[in-house]
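Step one of this worksheet: look at the structure below.
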Amino acid sequence: MLQGLQKESPVTTDPENYRDLFEQKKAFANLATLMPDGSPQVTPVWFDRTDGHFRVNTAKGRVKARNMRAGSPVALAIMDPDNAYRYVQVRGIVSRVTEEGADAHIDALAKKYLGQDKYPFRQPGEVRVIYEITPASISGMG
């Protein structure tokens with residue numbers, strides 16, 4: 001599957017057409033990962049985009065965290081919260097996994113999505129991780 005992603009053209013839709021979804025609106029992404037048996041797993045997540053890469057943040061030990069390693073294929077479906085018929089799909093690979101800066105990143109996402117300076121759902125002993133996704137293809141509607 002990863003090989004198929006690498007053969008696609010880098011971008012099929014201009015991502016700037018969806019910049020509002022990436023940077024301004026509180027659009028959630030539905031993150032699709034693959035379970036060890038190859039079956040799909042989907043989770044709604046907060047995300048951001050920097051330097052053309054999409055970033056999601058989760059706690060170590062969660063299902064999506066176990067499914068994502070550097071090189072893992074993933075997909076994001078991002079729907080416009082103001083128009084359900086407008087969406088963008090991003091397919092790519094996890095290009096970077098890091099704990100460095102992950103606490104600050106989840107706080108920045110809490111600011112974007114909740115208007116709060118600190119992520120309010122942090123659990124004692126929780127270790128946050130950033131997963132950076134490099135797009136192989138981007139396609140949208142609306």
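Following the order of the structure tokens, chains are lettered A, B, ..., residues in each are numbered from 1, and ligands are numbered from 1.
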DSSP on the backbone: what in chain A comes out helix (DSSP H, G or I), as a PDB file with N, CA and C atoms, in the first residue's frame?
ATOM      1  N   LEU A   2       1.912   1.267   0.781  1.00  0.00           N
ATOM      2  CA  LEU A   2       2.806   2.410   0.833  1.00  0.00           C
ATOM      3  C   LEU A   2       3.403   2.673  -0.534  1.00  0.00           C
ATOM      4  N   GLN A   3       3.777   1.607  -1.264  1.00  0.00           N
ATOM      5  CA  GLN A   3       4.358   1.781  -2.584  1.00  0.00           C
ATOM      6  C   GLN A   3       3.370   2.467  -3.517  1.00  0.00           C
ATOM      7  N   GLY A   4       2.089   2.115  -3.411  1.00  0.00           N
ATOM      8  CA  GLY A   4       1.069   2.749  -4.231  1.00  0.00           C
ATOM      9  C   GLY A   4       0.963   4.239  -3.964  1.00  0.00           C
ATOM     10  N   LEU A   5       1.100   4.628  -2.714  1.00  0.00           N
ATOM     11  CA  LEU A   5       1.042   6.040  -2.385  1.00  0.00           C
ATOM     12  C   LEU A   5       2.213   6.790  -2.989  1.00  0.00           C
ATOM     13  N   GLN A   6       3.378   6.186  -2.979  1.00  0.00           N
ATOM     14  CA  GLN A   6       4.560   6.862  -3.489  1.00  0.00           C
ATOM     15  C   GLN A   6       4.496   7.056  -5.000  1.00  0.00           C
ATOM     16  N   LYS A   7       3.724   6.245  -5.721  1.00  0.00           N
ATOM     17  CA  LYS A   7       3.645   6.336  -7.169  1.00  0.00           C
ATOM     18  C   LYS A   7       2.678   7.422  -7.629  1.00  0.00           C
ATOM     19  N   PRO A  15      -3.953  22.391  -2.426  1.00  0.00           N
ATOM     20  CA  PRO A  15      -4.345  22.457  -1.017  1.00  0.00           C
ATOM     21  C   PRO A  15      -4.719  23.864  -0.563  1.00  0.00           C
ATOM     22  N   GLU A  16      -4.283  24.874  -1.289  1.00  0.00           N
ATOM     23  CA  GLU A  16      -4.618  26.252  -0.896  1.00  0.00           C
ATOM     24  C   GLU A  16      -6.115  26.518  -1.040  1.00  0.00           C
ATOM     25  N   ASN A  17      -6.805  25.724  -1.853  1.00  0.00           N
ATOM     26  CA  ASN A  17      -8.262  25.860  -1.976  1.00  0.00           C
ATOM     27  C   ASN A  17      -8.965  25.493  -0.669  1.00  0.00           C
ATOM     28  N   TYR A  18      -8.253  24.808   0.207  1.00  0.00           N
ATOM     29  CA  TYR A  18      -8.825  24.345   1.476  1.00  0.00           C
ATOM     30  C   TYR A  18      -8.087  24.932   2.668  1.00  0.00           C
ATOM     31  N   ARG A  19      -7.341  25.980   2.419  1.00  0.00           N
ATOM     32  CA  ARG A  19      -6.536  26.599   3.486  1.00  0.00           C
ATOM     33  C   ARG A  19      -7.386  26.995   4.693  1.00  0.00           C
ATOM     34  N   ASP A  20      -8.602  27.460   4.442  1.00  0.00           N
ATOM     35  CA  ASP A  20      -9.484  27.845   5.545  1.00  0.00           C
ATOM     36  C   ASP A  20      -9.766  26.657   6.466  1.00  0.00           C
ATOM     37  N   LEU A  21      -9.900  25.457   5.896  1.00  0.00           N
ATOM     38  CA  LEU A  21     -10.146  24.261   6.715  1.00  0.00           C
ATOM     39  C   LEU A  21      -8.910  23.895   7.528  1.00  0.00           C
ATOM     40  N   PHE A  22      -7.747  24.134   6.964  1.00  0.00           N
ATOM     41  CA  PHE A  22      -6.496  23.764   7.619  1.00  0.00           C
ATOM     42  C   PHE A  22      -6.096  24.755   8.702  1.00  0.00           C
ATOM     43  N   GLU A  23      -6.400  26.034   8.485  1.00  0.00           N
ATOM     44  CA  GLU A  23      -5.826  27.060   9.359  1.00  0.00           C
ATOM     45  C   GLU A  23      -6.829  27.907  10.135  1.00  0.00           C
ATOM     46  N   GLN A  24      -8.031  28.093   9.601  1.00  0.00           N
ATOM     47  CA  GLN A  24      -8.928  29.043  10.239  1.00  0.00           C
ATOM     48  C   GLN A  24     -10.127  28.411  10.931  1.00  0.00           C
ATOM     49  N   VAL A  63      -4.979   3.488  20.430  1.00  0.00           N
ATOM     50  CA  VAL A  63      -4.999   2.636  19.240  1.00  0.00           C
ATOM     51  C   VAL A  63      -4.326   3.328  18.063  1.00  0.00           C
ATOM     52  N   LYS A  64      -4.702   4.578  17.792  1.00  0.00           N
ATOM     53  CA  LYS A  64      -4.116   5.257  16.636  1.00  0.00           C
ATOM     54  C   LYS A  64      -2.613   5.419  16.800  1.00  0.00           C
ATOM     55  N   ALA A  65      -2.158   5.624  18.033  1.00  0.00           N
ATOM     56  CA  ALA A  65      -0.710   5.742  18.281  1.00  0.00           C
ATOM     57  C   ALA A  65      -0.002   4.418  17.998  1.00  0.00           C
ATOM     58  N   ARG A  66      -0.620   3.331  18.359  1.00  0.00           N
ATOM     59  CA  ARG A  66      -0.016   2.016  18.095  1.00  0.00           C
ATOM     60  C   ARG A  66       0.016   1.704  16.601  1.00  0.00           C
ATOM     61  N   ASN A  67      -0.930   2.275  15.852  1.00  0.00           N
ATOM     62  CA  ASN A  67      -1.001   2.011  14.420  1.00  0.00           C
ATOM     63  C   ASN A  67      -0.071   2.893  13.587  1.00  0.00           C
ATOM     64  N   ALA A 102       5.522  18.052  21.940  1.00  0.00           N
ATOM     65  CA  ALA A 102       4.148  17.532  21.852  1.00  0.00           C
ATOM     66  C   ALA A 102       3.213  18.158  22.878  1.00  0.00           C
ATOM     67  N   ASP A 103       3.713  18.472  24.072  1.00  0.00           N
ATOM     68  CA  ASP A 103       2.850  19.126  25.077  1.00  0.00           C
ATOM     69  C   ASP A 103       2.454  20.524  24.608  1.00  0.00           C
ATOM     70  N   ALA A 104       3.405  21.272  24.062  1.00  0.00           N
ATOM     71  CA  ALA A 104       3.099  22.613  23.543  1.00  0.00           C
ATOM     72  C   ALA A 104       2.153  22.514  22.340  1.00  0.00           C
ATOM     73  N   HIS A 105       2.334  21.484  21.527  1.00  0.00           N
ATOM     74  CA  HIS A 105       1.485  21.299  20.352  1.00  0.00           C
ATOM     75  C   HIS A 105       0.033  21.018  20.749  1.00  0.00           C
ATOM     76  N   ILE A 106      -0.183  20.146  21.735  1.00  0.00           N
ATOM     77  CA  ILE A 106      -1.563  19.857  22.135  1.00  0.00           C
ATOM     78  C   ILE A 106      -2.192  21.093  22.787  1.00  0.00           C
ATOM     79  N   ASP A 107      -1.386  21.905  23.458  1.00  0.00           N
ATOM     80  CA  ASP A 107      -1.907  23.163  24.014  1.00  0.00           C
ATOM     81  C   ASP A 107      -2.311  24.124  22.884  1.00  0.00           C
ATOM     82  N   ALA A 108      -1.516  24.182  21.815  1.00  0.00           N
ATOM     83  CA  ALA A 108      -1.860  25.036  20.672  1.00  0.00           C
ATOM     84  C   ALA A 108      -3.143  24.541  19.997  1.00  0.00           C
ATOM     85  N   LEU A 109      -3.307  23.224  19.904  1.00  0.00           N
ATOM     86  CA  LEU A 109      -4.535  22.678  19.335  1.00  0.00           C
ATOM     87  C   LEU A 109      -5.736  22.967  20.236  1.00  0.00           C
ATOM     88  N   ALA A 110      -5.542  22.921  21.553  1.00  0.00           N
ATOM     89  CA  ALA A 110      -6.623  23.263  22.486  1.00  0.00           C
ATOM     90  C   ALA A 110      -7.035  24.724  22.306  1.00  0.00           C
ATOM     91  N   LYS A 111      -6.074  25.584  22.016  1.00  0.00           N
ATOM     92  CA  LYS A 111      -6.377  26.999  21.772  1.00  0.00           C
ATOM     93  C   LYS A 111      -7.230  27.129  20.508  1.00  0.00           C
ATOM     94  N   LYS A 112      -6.834  26.410  19.455  1.00  0.00           N
ATOM     95  CA  LYS A 112      -7.572  26.451  18.183  1.00  0.00           C
ATOM     96  C   LYS A 112      -8.980  25.897  18.330  1.00  0.00           C
ATOM     97  N   TYR A 113      -9.120  24.738  18.956  1.00  0.00           N
ATOM     98  CA  TYR A 113     -10.403  24.035  18.981  1.00  0.00           C
ATOM     99  C   TYR A 113     -11.295  24.391  20.170  1.00  0.00           C
ATOM    100  N   LEU A 114     -10.697  24.748  21.294  1.00  0.00           N
ATOM    101  CA  LEU A 114     -11.484  25.014  22.504  1.00  0.00           C
ATOM    102  C   LEU A 114     -11.393  26.454  22.994  1.00  0.00           C
TER     103      LEU A 114
END
Selection: 9 Å around segment 82-95 of chain A, only C-alpha atoms, excl. self and same-chain fewer than 4 positions, as a count of residues only: 33
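Each of A:Thr98, A:Phe121, A:Thr43, A:Gly38 was compared to Arg55 of chain A using only C-alpha atoms, and A:Thr98 turns out to be the nearest.
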Every residue of segment 33-135 of chain A that DSSP places in strand (DSSP E), as a PyMOL selection string: chain A and resi 33-34+40-45+48-50+53-59+73-80+83-98+128-135
